[in-house]
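A.B. asks: Here you go, target-v3.cif (mmCIF, C-alpha atoms):
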data_coords
#
loop_
_atom_site.label_atom_id
_atom_site.label_comp_id
_atom_site.auth_asym_id
_atom_site.auth_seq_id
_atom_site.Cartn_x
_atom_site.Cartn_y
_atom_site.Cartn_z
CA MET L 1 -52.28 90.25 24.14
CA SER L 2 -55.07 90.99 21.71
CA ALA L 3 -56.70 88.32 19.59
CA THR L 4 -55.28 89.95 16.48
CA THR L 5 -51.74 89.88 17.82
CA GLY L 6 -52.16 86.32 19.01
CA THR L 7 -53.31 85.27 15.53
CA ARG L 8 -50.56 87.02 13.63
CA PHE L 9 -47.62 85.94 15.76
CA PRO L 10 -47.93 82.17 15.18
CA LEU L 11 -48.36 82.76 11.43
CA ALA L 12 -45.21 84.90 11.37
CA VAL L 13 -43.35 82.14 13.21
CA LEU L 14 -44.61 79.55 10.73
CA VAL L 15 -43.54 81.65 7.75
CA LYS L 16 -40.09 82.24 9.25
CA ALA L 17 -39.69 78.51 9.93
CA GLU L 18 -40.77 77.61 6.38
CA VAL L 19 -38.36 80.14 4.83
CA MET L 20 -35.42 79.01 6.94
CA GLN L 21 -36.19 75.37 6.21
CA ARG L 22 -36.04 75.93 2.45
CA MET L 23 -32.97 78.18 2.62
CA ARG L 24 -31.08 75.40 4.41
CA VAL L 25 -31.57 73.05 1.45
CA PRO L 26 -28.66 73.58 -1.00
CA GLY L 27 -30.58 72.07 -3.90
CA PHE L 28 -33.39 74.58 -3.50
CA VAL L 29 -31.07 77.57 -3.15
CA ILE L 30 -29.14 76.59 -6.27
CA SER L 31 -32.11 75.72 -8.48
CA SER L 32 -34.49 78.48 -7.45
CA ILE L 33 -32.28 81.40 -6.41
CA VAL L 34 -28.86 80.92 -8.04
CA PHE L 35 -29.95 79.53 -11.43
CA PRO L 36 -32.01 82.55 -12.61
CA THR L 37 -29.11 84.89 -11.87
CA MET L 38 -26.62 82.48 -13.44
CA PHE L 39 -28.74 82.23 -16.60
CA PHE L 40 -28.87 86.01 -16.79
CA ALA L 41 -25.08 86.17 -16.42
CA LEU L 42 -24.66 83.67 -19.26
CA PHE L 43 -27.29 84.98 -21.68
CA GLY L 44 -28.28 88.46 -20.51
CA LEU L 45 -24.93 90.11 -19.93
CA PRO L 46 -23.57 89.30 -23.43
CA ASN L 47 -26.60 91.05 -24.94
CA LEU L 48 -26.24 94.30 -23.03
CA GLY L 49 -26.19 97.20 -25.43
CA ARG L 50 -28.13 95.36 -28.11
CA SER L 51 -31.67 96.56 -28.55
CA SER L 52 -34.91 95.67 -30.26
CA ASN L 53 -37.60 98.30 -30.78
CA GLY L 54 -35.71 100.59 -28.45
CA VAL L 55 -35.57 98.08 -25.57
CA ASP L 56 -32.24 96.82 -24.27
CA PHE L 57 -31.97 93.04 -24.62
CA GLY L 58 -30.20 92.84 -21.27
CA ALA L 59 -33.16 94.40 -19.45
CA TYR L 60 -35.54 92.25 -21.51
CA MET L 61 -33.75 89.06 -20.46
CA MET L 62 -33.69 90.25 -16.86
CA ALA L 63 -37.49 90.44 -16.92
CA SER L 64 -37.62 87.02 -18.60
CA TYR L 65 -35.48 85.36 -15.95
CA GLY L 66 -37.47 87.17 -13.27
CA ALA L 67 -40.57 85.36 -14.53
CA TYR L 68 -38.63 82.09 -14.59
CA ALA L 69 -37.42 82.71 -11.02
CA VAL L 70 -40.87 83.16 -9.49
CA MET L 71 -42.26 80.19 -11.41
CA SER L 72 -39.39 77.96 -10.31
CA VAL L 73 -39.67 79.04 -6.68
CA ALA L 74 -43.43 78.46 -6.65
CA LEU L 75 -43.25 74.97 -8.13
CA VAL L 76 -40.21 73.80 -6.18
CA SER L 77 -40.61 75.49 -2.79
CA PHE L 78 -44.31 74.79 -2.58
CA GLY L 79 -44.93 71.59 -4.50
CA VAL L 80 -41.81 69.64 -3.59
CA SER L 81 -41.94 70.63 0.09
CA ILE L 82 -45.55 69.48 0.46
CA SER L 83 -44.82 66.19 -1.27
CA ALA L 84 -41.80 65.62 0.97
CA GLU L 85 -43.83 66.37 4.10
CA ARG L 86 -46.52 63.94 2.97
CA GLY L 87 -43.86 61.28 2.55
CA LEU L 88 -42.65 61.89 6.10
CA GLY L 89 -46.17 61.68 7.51
CA TRP L 90 -46.10 65.34 8.53
CA ASN L 91 -49.66 65.83 7.28
CA LYS L 92 -50.87 63.13 9.68
CA LEU L 93 -49.13 64.83 12.60
CA LEU L 94 -50.63 68.19 11.67
CA ARG L 95 -54.07 66.58 11.40
CA ALA L 96 -53.74 65.44 15.01
CA SER L 97 -52.42 68.82 16.20
CA PRO L 98 -54.50 71.90 17.05
CA MET L 99 -52.96 73.81 14.12
CA ASP L 100 -55.49 75.30 11.73
CA PRO L 101 -54.92 73.84 8.23
CA LEU L 102 -55.61 77.30 6.81
CA ALA L 103 -52.66 78.69 8.80
CA TYR L 104 -50.46 75.90 7.44
CA PHE L 105 -51.35 76.63 3.81
CA THR L 106 -51.19 80.40 4.34
CA ALA L 107 -47.68 80.03 5.75
CA LYS L 108 -46.69 77.94 2.72
CA VAL L 109 -48.04 80.54 0.29
CA LEU L 110 -46.35 83.42 2.10
CA MET L 111 -43.12 81.41 2.25
CA ALA L 112 -43.21 80.92 -1.52
CA MET L 113 -43.78 84.64 -2.08
CA VAL L 114 -41.00 85.65 0.32
CA LEU L 115 -38.57 83.31 -1.42
CA GLY L 116 -39.78 84.52 -4.81
CA LEU L 117 -38.98 88.07 -3.74
CA VAL L 118 -35.55 86.96 -2.49
CA SER L 119 -34.84 85.38 -5.88
CA LEU L 120 -35.90 88.58 -7.66
CA VAL L 121 -33.81 90.80 -5.37
CA VAL L 122 -30.70 88.66 -6.05
CA LEU L 123 -31.35 88.72 -9.81
CA PHE L 124 -32.10 92.44 -9.99
CA ALA L 125 -29.16 93.37 -7.76
CA PHE L 126 -26.83 91.37 -9.99
CA ALA L 127 -28.33 92.96 -13.12
CA ALA L 128 -27.86 96.45 -11.66
CA ILE L 129 -24.30 95.86 -10.41
CA ALA L 130 -22.80 93.54 -13.04
CA GLY L 131 -24.94 94.65 -15.97
CA HIS L 132 -25.16 98.33 -15.05
CA ILE L 133 -28.90 98.24 -15.72
CA SER L 134 -30.11 101.52 -14.29
CA LEU L 135 -33.86 101.93 -13.94
CA PRO L 136 -36.06 104.13 -11.72
CA LEU L 137 -36.88 102.80 -8.26
CA LEU L 138 -40.56 102.76 -9.17
CA PHE L 139 -39.78 100.35 -12.03
CA TRP L 140 -38.04 97.88 -9.69
CA LEU L 141 -40.98 98.03 -7.30
CA LYS L 142 -43.56 97.61 -10.08
CA ILE L 143 -41.86 94.67 -11.78
CA SER L 144 -41.30 92.93 -8.46
CA GLY L 145 -44.96 93.37 -7.50
CA LEU L 146 -46.25 92.21 -10.89
CA LEU L 147 -44.06 89.10 -10.93
CA ILE L 148 -45.03 88.20 -7.36
CA VAL L 149 -48.69 88.43 -8.41
CA GLY L 150 -47.76 86.21 -11.34
CA MET L 151 -46.61 83.54 -8.88
CA VAL L 152 -50.17 82.78 -7.77
CA PRO L 153 -51.13 80.27 -10.49
CA PHE L 154 -47.82 78.46 -10.09
CA VAL L 155 -48.19 78.27 -6.32
CA ALA L 156 -51.55 76.59 -6.92
CA LEU L 157 -50.00 74.29 -9.51
CA GLY L 158 -47.20 73.48 -7.07
CA LEU L 159 -49.81 72.55 -4.48
CA ALA L 160 -51.45 70.19 -6.97
CA ILE L 161 -48.07 68.61 -7.77
CA GLY L 162 -47.38 68.20 -4.06
CA TYR L 163 -50.57 66.22 -3.49
CA LEU L 164 -50.58 64.26 -6.74
CA SER L 165 -46.98 63.02 -6.79
CA SER L 166 -44.67 61.04 -4.55
CA PRO L 167 -41.70 62.71 -2.79
CA THR L 168 -39.25 61.21 -5.28
CA ALA L 169 -41.29 62.25 -8.32
CA ALA L 170 -42.29 65.79 -7.26
CA ALA L 171 -39.01 67.55 -8.15
CA PRO L 172 -38.65 65.91 -11.60
CA ILE L 173 -42.29 66.66 -12.37
CA ALA L 174 -41.87 70.30 -11.31
CA ASN L 175 -38.83 70.62 -13.57
CA LEU L 176 -40.55 68.83 -16.45
CA ILE L 177 -43.29 71.45 -16.21
CA SER L 178 -41.22 74.59 -15.58
CA LEU L 179 -38.52 74.04 -18.21
CA PRO L 180 -40.81 73.48 -21.24
CA LEU L 181 -43.05 76.33 -20.08
CA SER L 182 -40.03 78.62 -19.82
CA PHE L 183 -38.64 77.69 -23.22
CA GLY L 184 -42.05 77.77 -24.91
CA SER L 185 -42.85 81.20 -23.47
CA GLY L 186 -39.63 82.82 -24.67
CA LEU L 187 -38.03 83.16 -21.24
CA PHE L 188 -34.72 81.53 -22.21
CA VAL L 189 -34.62 82.74 -25.82
CA PRO L 190 -36.74 85.71 -27.03
CA LEU L 191 -39.78 84.54 -28.96
CA GLN L 192 -38.75 86.21 -32.21
CA PHE L 193 -35.78 83.82 -32.41
CA LEU L 194 -37.84 80.68 -31.79
CA PRO L 195 -39.54 78.48 -34.43
CA ALA L 196 -42.94 79.66 -35.66
CA PRO L 197 -44.88 76.78 -33.99
CA VAL L 198 -43.44 77.76 -30.60
CA GLN L 199 -44.41 81.39 -31.19
CA HIS L 200 -47.99 80.32 -31.91
CA VAL L 201 -48.20 78.17 -28.76
CA ALA L 202 -46.64 80.73 -26.38
CA PRO L 203 -49.77 82.94 -25.87
CA TYR L 204 -51.60 79.90 -24.46
CA LEU L 205 -49.03 79.30 -21.71
CA PRO L 206 -49.40 80.86 -18.22
CA SER L 207 -45.68 81.63 -18.01
CA TYR L 208 -45.93 83.77 -21.15
CA HIS L 209 -48.50 86.05 -19.57
CA VAL L 210 -46.46 86.38 -16.38
CA ALA L 211 -43.42 87.37 -18.44
CA GLU L 212 -45.55 89.80 -20.45
CA LEU L 213 -46.18 91.74 -17.24
CA GLY L 214 -42.46 92.53 -17.06
CA TRP L 215 -41.98 92.96 -20.80
CA THR L 216 -44.91 95.36 -21.00
CA LEU L 217 -43.41 97.44 -18.20
CA LEU L 218 -40.23 97.73 -20.29
CA GLY L 219 -42.20 98.69 -23.38
CA ALA L 220 -41.43 95.37 -25.08
CA GLY L 221 -44.78 93.66 -24.61
CA ASP L 222 -47.23 92.46 -27.23
CA GLY L 223 -49.22 95.70 -27.02
CA GLN L 224 -52.24 94.18 -25.28
CA GLY L 225 -51.60 95.88 -21.93
CA TYR L 226 -51.52 94.66 -18.34
CA GLY L 227 -55.27 94.11 -18.03
CA ARG L 228 -55.55 91.20 -20.44
CA HIS L 229 -52.47 89.46 -19.10
CA LEU L 230 -53.54 89.89 -15.48
CA LEU L 231 -56.98 88.53 -16.39
CA LEU L 232 -55.44 85.46 -18.01
CA VAL L 233 -53.09 84.96 -15.05
CA ALA L 234 -56.17 85.05 -12.80
CA GLY L 235 -57.91 82.52 -15.04
CA TYR L 236 -54.99 80.11 -14.83
CA ALA L 237 -54.88 80.66 -11.06
CA ILE L 238 -58.55 79.66 -10.73
CA ALA L 239 -58.02 76.56 -12.87
CA PHE L 240 -54.94 75.45 -10.93
CA ILE L 241 -56.60 76.18 -7.58
CA ALA L 242 -59.47 73.92 -8.63
CA LEU L 243 -56.96 71.21 -9.57
CA ALA L 244 -55.17 71.66 -6.22
CA VAL L 245 -58.44 71.32 -4.29
CA VAL L 246 -59.25 68.09 -6.14
CA ALA L 247 -55.72 66.78 -5.45
CA TYR L 248 -55.94 67.72 -1.77
CA ARG L 249 -59.32 66.07 -1.27
CA ARG L 250 -58.14 62.96 -3.11
CA ASP L 251 -55.10 62.69 -0.85
CA GLU L 252 -57.16 63.32 2.27
CA GLY L 253 -59.59 60.59 1.23
CA LYS L 254 -56.78 58.08 0.62
CA THR L 255 -54.95 58.94 3.84
CA PHE L 256 -57.77 59.37 6.33
CA GLY L 257 -60.71 57.71 4.62
#
Now, as a test, write the supplied structure out as structure tokens.

C.D. replies:
Amino acid sequence: MSATTGTRFPLAVLVKAEVMQRMRVPGFVISSIVFPTMFFALFGLPNLGRSSNGVDFGAYMMASYGAYAVMSVALVSFGVSISAERGLGWNKLLRASPMDPLAYFTAKVLMAMVLGLVSLVVLFAFAAIAGHISLPLLFWLKISGLLIVGMVPFVALGLAIGYLSSPTAAAPIANLISLPLSFGSGLFVPLQFLPAPVQHVAPYLPSYHVAELGWTLLGAGDGQGYGRHLLLVAGYAIAFIALAVVAYRRDEGKTFG
């Protein structure tokens, strides 16, 4: 067996184990995979056929709940799982094992992205079947790829939550962050129907720029193009990664001295 194969196989096993672990938790499946599709059924399907600037509201809300889905998965699957493992002392066991910490974190990141893609596939399949939203295959691939890229800052933020909060506080904190961000970015209700102060705040929120990736693809964006939104997503990712590094080092210092 080559060195390359030997390196990849354990990582694949880790990712599979992480995915299966999360999928066996009913609370995670409901909150991160079922809820986005349920919200679309409640608020997207009734708006099918209505349009704004030539864009179907149903497709618009599908993109909105896609952004909510990847954000929710990143914060819950990553942040809450790390906090729970810290509470169980799993980090101490891993510290004593020969496992490379980089492999551990890489598996966590890949797990979050796999589950994010699962959530999107469920949402998009429901939108296509129940909502009869018919779009070119290239569109489905592009929006999925853009939203998965948009997960990166929230994965980093989830990591920070995981190391800054206790196991009992991690899930409420993740929800207290994701729900206001979603509402304030126009993911639950389109921005044009929200109060003016919320509309002014939205462009400063990371979730808004992730959603703009999907809205722009539909032709319903703010007209500033992918480049600016991707740049801002990258900026938030760098900021949250820095916060996660500080949180990790703080926890390591408290735990191991």

A.B. asks: I need the output of the PyMOL selection byres ((chain L and resi 204-209) around 8) for this file as an NGL selection string; which residues are they?

C.D. replies: :L and (67-68 or 71 or 153 or 181-182 or 184-187 or 201-203 or 210-213 or 229-230 or 232-233 or 236)

A.B. asks: On this file, the PyMOL selection byres ((chain L and resi 168) around 12) gives some set of residues; write that set as a list in words.

C.D. replies: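 For this structure, the PyMOL selection byres ((chain L and resi 168) around 12) captures Gly79, Val80, Ser81, Ile82, Ser83, Ala84, Glu85, Arg86, Gly87, Leu88, Ile161, Gly162, Leu164, Ser165, Ser166, Pro167, Ala169, Ala170, Ala171, Pro172, Ile173 and Ala174 of chain L.
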
A.B. asks: Counting all atoms listed in the file, which of L:Gly219, L:Gly225, L:Pro180, L:Gly235 gets nearest to Ser51 of chain L?

C.D. replies: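 Of L:Gly219, L:Gly225, L:Pro180, L:Gly235, the one nearest Ser51 of chain L is L:Gly219, counting all atoms listed in the file.
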
A.B. asks: Figure out the distance between atom CA of Leu176 of chain L and atom CA of Tyr226 of chain L, please, to one decimal in Å.

C.D. replies: 28.1 Å

A.B. asks: I'd like to know which of L:Leu14, L:Ala125, L:Val25, L:Ala234 is closest to Leu102 of chain L, using only C-alpha atoms.

C.D. replies: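 Answer, going by the shortest atom-to-atom distance: L:Leu14.
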
A.B. asks: Apply the PyMOL selection byres ((chain L and resi 18) around 12) to the displayed file and report the matching residues as a PyMOL selection string.

C.D. replies: chain L and resi 11-17+19-25+77-78+81-82+85+104-115

A.B. asks: For the atom pair atom CA of Met62 of chain L and atom CA of Asn175 of chain L, what is the interatomic distance in Å to one decimal place?

C.D. replies: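 Atom-to-atom, atom CA of Met62 of chain L and atom CA of Asn175 of chain L are spaced 20.6 Å apart.
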
A.B. asks: From the set L:Leu157, L:Ala220, L:Met61, L:Val189, which residue has the shortest atom-to-atom contact distance to Ile238 of chain L, counting all atoms listed in the file?

C.D. replies: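 Using all atoms listed in the file, the shortest distance to Ile238 of chain L belongs to L:Leu157.
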
A.B. asks: What is the distance, in Å and to one decimal place, between atom CA of Val149 of chain L and atom CA of Ile241 of chain L?

C.D. replies: 14.6 Å

A.B. asks: Between L:Phe183, L:Tyr163, L:Lys254, L:Ala41, which is the closest to Gln199 of chain L once you count only C-alpha atoms?

C.D. replies: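 Ranking L:Phe183, L:Tyr163, L:Lys254, L:Ala41 by distance to Gln199 of chain L, first place goes to L:Phe183.
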
A.B. asks: May I ask which of the residues L:Leu243, L:Gly158, L:Leu141, L:Leu45 is the closest one to Ile177 of chain L, counting all atoms listed in the file?

C.D. replies: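 Smallest distance to Ile177 of chain L is found for L:Gly158.
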
A.B. asks: Would you mind telling me which residue in L:Val70, L:Ile33, L:Leu123, L:Gly131 lies nearest to Pro46 of chain L when using all atoms listed in the file?

C.D. replies: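 That would be L:Gly131, the residue with the smallest distance to Pro46 of chain L.
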
A.B. asks: Tell me which protein, DNA and RNA residues are within 10 Å of Val34 of chain L, counting only C-alpha atoms, leaving out same-chain ones fewer than 4 positions away, and put them as a list in words.

C.D. replies: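 After dropping sequence-adjacent residues, the list is Gly27, Phe28, Val29, Ile30, Met38, Phe39, Ala69, Ser119, Val122 and Leu123 of chain L.
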